[in-house]
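Enquirer: Hey, dropping entry_32.cif in here, mmCIF, C-alpha atoms:
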data_run
loop_
_atom_site.label_atom_id
_atom_site.label_comp_id
_atom_site.auth_asym_id
_atom_site.auth_seq_id
_atom_site.Cartn_x
_atom_site.Cartn_y
_atom_site.Cartn_z
CA MET A 1 95.14 141.15 6.48
CA ASN A 2 93.63 143.70 8.81
CA GLU A 3 96.01 146.17 10.40
CA PRO A 4 96.10 146.05 14.20
CA SER A 5 95.56 149.21 16.13
CA SER A 6 99.11 149.95 17.13
CA ARG A 7 100.77 152.07 19.76
CA SER A 8 103.40 153.14 17.25
CA GLY A 9 105.09 152.03 14.07
CA CYS A 10 107.51 149.91 16.10
CA PRO A 11 107.45 146.35 14.70
CA ILE A 12 107.83 144.84 18.18
CA GLY A 13 104.97 146.97 19.51
CA THR A 14 102.81 146.03 16.54
CA THR A 15 103.55 142.32 17.04
CA LEU A 16 102.69 142.62 20.72
CA ASP A 17 99.43 144.38 19.81
CA CYS A 18 98.56 141.31 17.71
CA LEU A 19 99.98 138.48 19.82
CA GLY A 20 101.08 139.87 23.17
CA ASP A 21 98.32 138.38 25.30
CA SER A 22 98.68 135.22 27.36
CA TRP A 23 96.98 132.90 24.89
CA SER A 24 97.49 133.69 21.19
CA LEU A 25 100.92 132.10 20.84
CA ILE A 26 99.74 129.03 22.77
CA ILE A 27 96.93 128.67 20.20
CA VAL A 28 99.44 129.05 17.35
CA ARG A 29 101.64 126.40 19.03
CA ASP A 30 98.64 124.08 19.21
CA MET A 31 97.84 124.63 15.55
CA LEU A 32 101.44 123.94 14.57
CA THR A 33 101.22 120.63 16.43
CA GLY A 34 98.00 119.58 14.67
CA LYS A 35 95.12 120.93 16.72
CA ALA A 36 92.35 122.50 14.65
CA ARG A 37 89.08 122.25 16.59
CA TYR A 38 87.71 124.25 19.50
CA GLY A 39 87.58 121.30 21.87
CA GLU A 40 91.17 120.36 21.06
CA PHE A 41 92.35 123.82 22.13
CA LEU A 42 90.39 123.49 25.38
CA ASP A 43 92.26 120.23 26.11
CA SER A 44 95.67 121.96 26.21
CA PRO A 45 97.39 121.80 29.60
CA GLU A 46 97.33 125.58 30.09
CA GLY A 47 93.55 125.50 30.68
CA ILE A 48 92.19 128.32 28.52
CA THR A 49 88.57 129.23 29.27
CA THR A 50 85.90 129.08 26.59
CA ASN A 51 85.23 132.83 26.50
CA ILE A 52 88.93 133.69 26.17
CA LEU A 53 89.41 131.03 23.48
CA ALA A 54 86.48 132.34 21.46
CA ASN A 55 87.79 135.89 21.77
CA ARG A 56 91.35 134.99 20.72
CA LEU A 57 90.24 132.88 17.77
CA SER A 58 88.03 135.71 16.53
CA ARG A 59 90.79 138.31 16.98
CA MET A 60 93.42 136.17 15.26
CA GLU A 61 91.03 135.57 12.37
CA GLN A 62 90.42 139.33 12.04
CA LEU A 63 94.18 139.90 11.97
CA GLY A 64 94.69 137.27 9.25
CA ILE A 65 96.74 134.92 11.42
CA ILE A 66 94.22 132.08 11.21
CA SER A 67 91.28 131.13 9.03
CA LYS A 68 88.24 129.03 9.83
CA ALA A 69 86.12 126.68 7.79
CA PRO A 70 83.08 124.65 8.84
CA TYR A 71 83.50 120.90 9.19
CA GLN A 72 79.91 120.39 10.40
CA THR A 73 76.75 122.29 9.51
CA ASN A 74 74.17 121.37 12.15
CA PRO A 75 75.23 122.78 14.51
CA VAL A 76 77.96 124.73 12.76
CA ARG A 77 81.39 123.73 13.97
CA ASN A 78 84.62 125.12 12.59
CA GLU A 79 88.17 124.00 12.10
CA TYR A 80 90.90 126.60 12.37
CA ARG A 81 94.04 126.74 10.26
CA LEU A 82 97.07 128.97 10.25
CA THR A 83 97.39 131.34 7.33
CA GLU A 84 100.77 132.13 5.79
CA ALA A 85 101.15 134.87 8.41
CA GLY A 86 100.43 132.32 11.15
CA HIS A 87 102.91 129.80 9.77
CA ASP A 88 105.53 132.55 9.61
CA LEU A 89 105.45 132.57 13.44
CA THR A 90 107.08 129.11 13.53
CA PRO A 91 110.70 130.31 13.92
CA VAL A 92 109.58 132.84 16.56
CA LEU A 93 108.02 130.08 18.67
CA GLN A 94 111.04 127.83 18.15
CA ALA A 95 113.33 130.64 19.32
CA MET A 96 111.12 131.15 22.39
CA CYS A 97 111.43 127.43 23.17
CA ARG A 98 115.22 127.52 22.87
CA TRP A 99 115.39 130.62 25.07
CA ALA A 100 113.15 129.15 27.80
CA ASN A 101 114.98 125.80 27.75
CA LYS A 102 118.32 127.59 28.12
CA HIS A 103 117.33 129.96 30.90
CA TYR A 104 114.64 127.92 32.69
CA PRO A 105 115.83 124.31 32.69
CA ASP A 106 112.60 122.95 34.19
CA THR A 107 110.62 123.86 31.05
CA TRP A 108 109.50 121.12 28.69
CA VAL A 109 111.83 120.30 25.85
CA PRO A 110 109.72 120.54 22.70
CA PRO A 111 109.58 117.48 20.46
CA GLU A 112 112.10 117.42 17.64
CA SER A 113 109.17 117.31 15.20
CA PHE A 114 108.14 120.78 16.41
CA MET A 115 111.65 122.18 16.32
CA ALA A 116 112.16 120.85 12.78
CA LEU A 117 109.03 122.48 11.31
#
Show how you would write the structure in this file as structure tokens.

Expert:
Amino acid sequence: MNEPSSRSGCPIGTTLDCLGDSWSLIIVRDMLTGKARYGEFLDSPEGITTNILANRLSRMEQLGIISKAPYQTNPVRNEYRLTEAGHDLTPVLQAMCRWANKHYPDTWVPPESFMAL
């Protein structure tokens, strides 16, 4: 796993350097719920743009959070999967869901299947 360039040795700062943008955790959420292909990520309700998606997927691959493998060769198309480091974000995302549901009651309640991962 590549080390992120970090502001300090603070673990929260380092995590934010890796995942603190507006999109990376949404992509991880999508992967945890079964999305694996570029077009599937574009279909998410948040409306990520193609250039941002390509950038985030590349960055997360460099950091060892996801991996990619071709599912088609002509033209090359990839599927993306969470690595162990990516899967280890599951309880973080679940905690974020519980926090938002508690403090912002108009947020979506995640499916039990997601909360039970």

Enquirer: Can you turn the PyMOL selection byres ((chain A and resi 83) around 8) into a concrete residue list for this file, as a list in words?

Expert: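 What the PyMOL selection byres ((chain A and resi 83) around 8) grabs from the file is Gly64, Ile65, Ile66, Ser67, Arg81, Leu82, Glu84, Ala85, Gly86 and His87 of chain A.
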
Enquirer: Quick one: pull the distance between CA of Leu19 in chain A and CA of Arg56 in chain A, Å, one decimal.

Expert: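 We find that CA of Leu19 in chain A and CA of Arg56 in chain A lie 9.4 Å from each other.
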
Enquirer: Please write as a list in words the full residue list that the PyMOL selection byres ((chain A and resi 94-101) around 12) yields on this file.

Expert: Leu25, Ile26, Val28, Arg29, Leu32, His87, Asp88, Leu89, Thr90, Pro91, Val92, Leu93, Lys102, His103, Tyr104, Pro105, Asp106, Thr107, Trp108, Val109, Pro110, Pro111, Glu112, Ser113, Phe114, Met115, Ala116 and Leu117 of chain A

Enquirer: Could you check how far CA of Leu53 in chain A sits from CA of Ile27 in chain A, in Å to one decimal?

Expert: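 For CA of Leu53 in chain A relative to CA of Ile27 in chain A, the distance reads 8.5 Å.
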
Enquirer: Just to confirm, what's the straight-line distance from CA of Pro70 in chain A to CA of Asn2 in chain A in Å (one decimal)?

Expert: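 About the pair CA of Pro70 in chain A and CA of Asn2 in chain A: they are 21.8 Å apart.
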
Enquirer: As a PDB file, in the coordinates of the input, please: range 1-36 of chain A completed to N, CA and C atoms.

Expert:
ATOM      1  N   MET A   1      94.908 141.215   5.054  1.00  0.00           N
ATOM      2  CA  MET A   1      95.140 141.150   6.480  1.00  0.00           C
ATOM      3  C   MET A   1      94.785 142.505   7.081  1.00  0.00           C
ATOM      4  N   ASN A   2      94.002 142.471   8.131  1.00  0.00           N
ATOM      5  CA  ASN A   2      93.630 143.700   8.810  1.00  0.00           C
ATOM      6  C   ASN A   2      94.801 144.225   9.624  1.00  0.00           C
ATOM      7  N   GLU A   3      94.966 145.525   9.613  1.00  0.00           N
ATOM      8  CA  GLU A   3      96.010 146.170  10.400  1.00  0.00           C
ATOM      9  C   GLU A   3      95.561 146.241  11.864  1.00  0.00           C
ATOM     10  N   PRO A   4      96.450 145.893  12.783  1.00  0.00           N
ATOM     11  CA  PRO A   4      96.100 146.050  14.200  1.00  0.00           C
ATOM     12  C   PRO A   4      96.140 147.525  14.577  1.00  0.00           C
ATOM     13  N   SER A   5      95.372 147.871  15.581  1.00  0.00           N
ATOM     14  CA  SER A   5      95.560 149.210  16.130  1.00  0.00           C
ATOM     15  C   SER A   5      96.863 149.153  16.906  1.00  0.00           C
ATOM     16  N   SER A   6      97.758 150.040  16.592  1.00  0.00           N
ATOM     17  CA  SER A   6      99.110 149.950  17.130  1.00  0.00           C
ATOM     18  C   SER A   6      99.468 151.182  17.934  1.00  0.00           C
ATOM     19  N   ARG A   7     100.285 150.968  18.939  1.00  0.00           N
ATOM     20  CA  ARG A   7     100.770 152.070  19.760  1.00  0.00           C
ATOM     21  C   ARG A   7     101.701 152.971  18.969  1.00  0.00           C
ATOM     22  N   SER A   8     102.437 152.393  18.045  1.00  0.00           N
ATOM     23  CA  SER A   8     103.400 153.140  17.250  1.00  0.00           C
ATOM     24  C   SER A   8     103.725 152.310  16.022  1.00  0.00           C
ATOM     25  N   GLY A   9     104.647 152.788  15.227  1.00  0.00           N
ATOM     26  CA  GLY A   9     105.090 152.030  14.070  1.00  0.00           C
ATOM     27  C   GLY A   9     106.160 151.009  14.404  1.00  0.00           C
ATOM     28  N   CYS A  10     106.491 150.872  15.671  1.00  0.00           N
ATOM     29  CA  CYS A  10     107.510 149.910  16.100  1.00  0.00           C
ATOM     30  C   CYS A  10     107.053 148.495  15.763  1.00  0.00           C
ATOM     31  N   PRO A  11     107.874 147.709  15.053  1.00  0.00           N
ATOM     32  CA  PRO A  11     107.450 146.350  14.700  1.00  0.00           C
ATOM     33  C   PRO A  11     107.249 145.446  15.918  1.00  0.00           C
ATOM     34  N   ILE A  12     108.022 145.645  16.970  1.00  0.00           N
ATOM     35  CA  ILE A  12     107.830 144.840  18.180  1.00  0.00           C
ATOM     36  C   ILE A  12     106.517 145.219  18.841  1.00  0.00           C
ATOM     37  N   GLY A  13     106.235 146.516  18.942  1.00  0.00           N
ATOM     38  CA  GLY A  13     104.970 146.970  19.510  1.00  0.00           C
ATOM     39  C   GLY A  13     103.779 146.476  18.713  1.00  0.00           C
ATOM     40  N   THR A  14     103.893 146.511  17.386  1.00  0.00           N
ATOM     41  CA  THR A  14     102.810 146.030  16.540  1.00  0.00           C
ATOM     42  C   THR A  14     102.586 144.536  16.737  1.00  0.00           C
ATOM     43  N   THR A  15     103.671 143.760  16.805  1.00  0.00           N
ATOM     44  CA  THR A  15     103.550 142.320  17.040  1.00  0.00           C
ATOM     45  C   THR A  15     102.903 142.053  18.388  1.00  0.00           C
ATOM     46  N   LEU A  16     103.299 142.798  19.408  1.00  0.00           N
ATOM     47  CA  LEU A  16     102.690 142.620  20.720  1.00  0.00           C
ATOM     48  C   LEU A  16     101.215 143.012  20.711  1.00  0.00           C
ATOM     49  N   ASP A  17     100.839 144.022  19.928  1.00  0.00           N
ATOM     50  CA  ASP A  17      99.430 144.380  19.810  1.00  0.00           C
ATOM     51  C   ASP A  17      98.620 143.227  19.214  1.00  0.00           C
ATOM     52  N   CYS A  18      99.243 142.450  18.335  1.00  0.00           N
ATOM     53  CA  CYS A  18      98.560 141.310  17.710  1.00  0.00           C
ATOM     54  C   CYS A  18      98.595 140.059  18.584  1.00  0.00           C
ATOM     55  N   LEU A  19      99.739 139.792  19.199  1.00  0.00           N
ATOM     56  CA  LEU A  19      99.980 138.480  19.820  1.00  0.00           C
ATOM     57  C   LEU A  19     100.485 138.545  21.250  1.00  0.00           C
ATOM     58  N   GLY A  20     100.450 139.704  21.872  1.00  0.00           N
ATOM     59  CA  GLY A  20     101.080 139.870  23.170  1.00  0.00           C
ATOM     60  C   GLY A  20     100.244 139.492  24.365  1.00  0.00           C
ATOM     61  N   ASP A  21      99.127 138.832  24.158  1.00  0.00           N
ATOM     62  CA  ASP A  21      98.320 138.380  25.300  1.00  0.00           C
ATOM     63  C   ASP A  21      98.847 137.023  25.768  1.00  0.00           C
ATOM     64  N   SER A  22      98.218 136.480  26.779  1.00  0.00           N
ATOM     65  CA  SER A  22      98.680 135.220  27.360  1.00  0.00           C
ATOM     66  C   SER A  22      98.326 133.977  26.556  1.00  0.00           C
ATOM     67  N   TRP A  23      97.528 134.102  25.515  1.00  0.00           N
ATOM     68  CA  TRP A  23      96.980 132.900  24.890  1.00  0.00           C
ATOM     69  C   TRP A  23      97.266 132.741  23.394  1.00  0.00           C
ATOM     70  N   SER A  24      97.416 133.802  22.658  1.00  0.00           N
ATOM     71  CA  SER A  24      97.490 133.690  21.190  1.00  0.00           C
ATOM     72  C   SER A  24      98.624 132.793  20.719  1.00  0.00           C
ATOM     73  N   LEU A  25      99.805 132.937  21.284  1.00  0.00           N
ATOM     74  CA  LEU A  25     100.920 132.100  20.840  1.00  0.00           C
ATOM     75  C   LEU A  25     100.756 130.647  21.271  1.00  0.00           C
ATOM     76  N   ILE A  26     100.054 130.407  22.366  1.00  0.00           N
ATOM     77  CA  ILE A  26      99.740 129.030  22.770  1.00  0.00           C
ATOM     78  C   ILE A  26      98.808 128.399  21.724  1.00  0.00           C
ATOM     79  N   ILE A  27      97.838 129.164  21.240  1.00  0.00           N
ATOM     80  CA  ILE A  27      96.930 128.670  20.200  1.00  0.00           C
ATOM     81  C   ILE A  27      97.694 128.393  18.916  1.00  0.00           C
ATOM     82  N   VAL A  28      98.607 129.286  18.542  1.00  0.00           N
ATOM     83  CA  VAL A  28      99.440 129.050  17.350  1.00  0.00           C
ATOM     84  C   VAL A  28     100.272 127.789  17.550  1.00  0.00           C
ATOM     85  N   ARG A  29     100.877 127.627  18.731  1.00  0.00           N
ATOM     86  CA  ARG A  29     101.640 126.400  19.030  1.00  0.00           C
ATOM     87  C   ARG A  29     100.762 125.168  18.811  1.00  0.00           C
ATOM     88  N   ASP A  30      99.538 125.213  19.351  1.00  0.00           N
ATOM     89  CA  ASP A  30      98.640 124.080  19.210  1.00  0.00           C
ATOM     90  C   ASP A  30      98.314 123.790  17.755  1.00  0.00           C
ATOM     91  N   MET A  31      98.121 124.831  16.978  1.00  0.00           N
ATOM     92  CA  MET A  31      97.840 124.630  15.550  1.00  0.00           C
ATOM     93  C   MET A  31      99.044 124.031  14.834  1.00  0.00           C
ATOM     94  N   LEU A  32     100.234 124.490  15.187  1.00  0.00           N
ATOM     95  CA  LEU A  32     101.440 123.940  14.570  1.00  0.00           C
ATOM     96  C   LEU A  32     101.631 122.469  14.917  1.00  0.00           C
ATOM     97  N   THR A  33     101.082 122.030  16.034  1.00  0.00           N
ATOM     98  CA  THR A  33     101.220 120.630  16.430  1.00  0.00           C
ATOM     99  C   THR A  33      99.987 119.790  16.059  1.00  0.00           C
ATOM    100  N   GLY A  34      99.090 120.370  15.245  1.00  0.00           N
ATOM    101  CA  GLY A  34      98.000 119.580  14.670  1.00  0.00           C
ATOM    102  C   GLY A  34      96.609 119.831  15.199  1.00  0.00           C
ATOM    103  N   LYS A  35      96.462 120.653  16.217  1.00  0.00           N
ATOM    104  CA  LYS A  35      95.120 120.930  16.720  1.00  0.00           C
ATOM    105  C   LYS A  35      94.409 121.890  15.768  1.00  0.00           C
ATOM    106  N   ALA A  36      93.112 121.667  15.585  1.00  0.00           N
ATOM    107  CA  ALA A  36      92.350 122.500  14.650  1.00  0.00           C
ATOM    108  C   ALA A  36      90.945 122.819  15.149  1.00  0.00           C
TER     109      ALA A  36
END
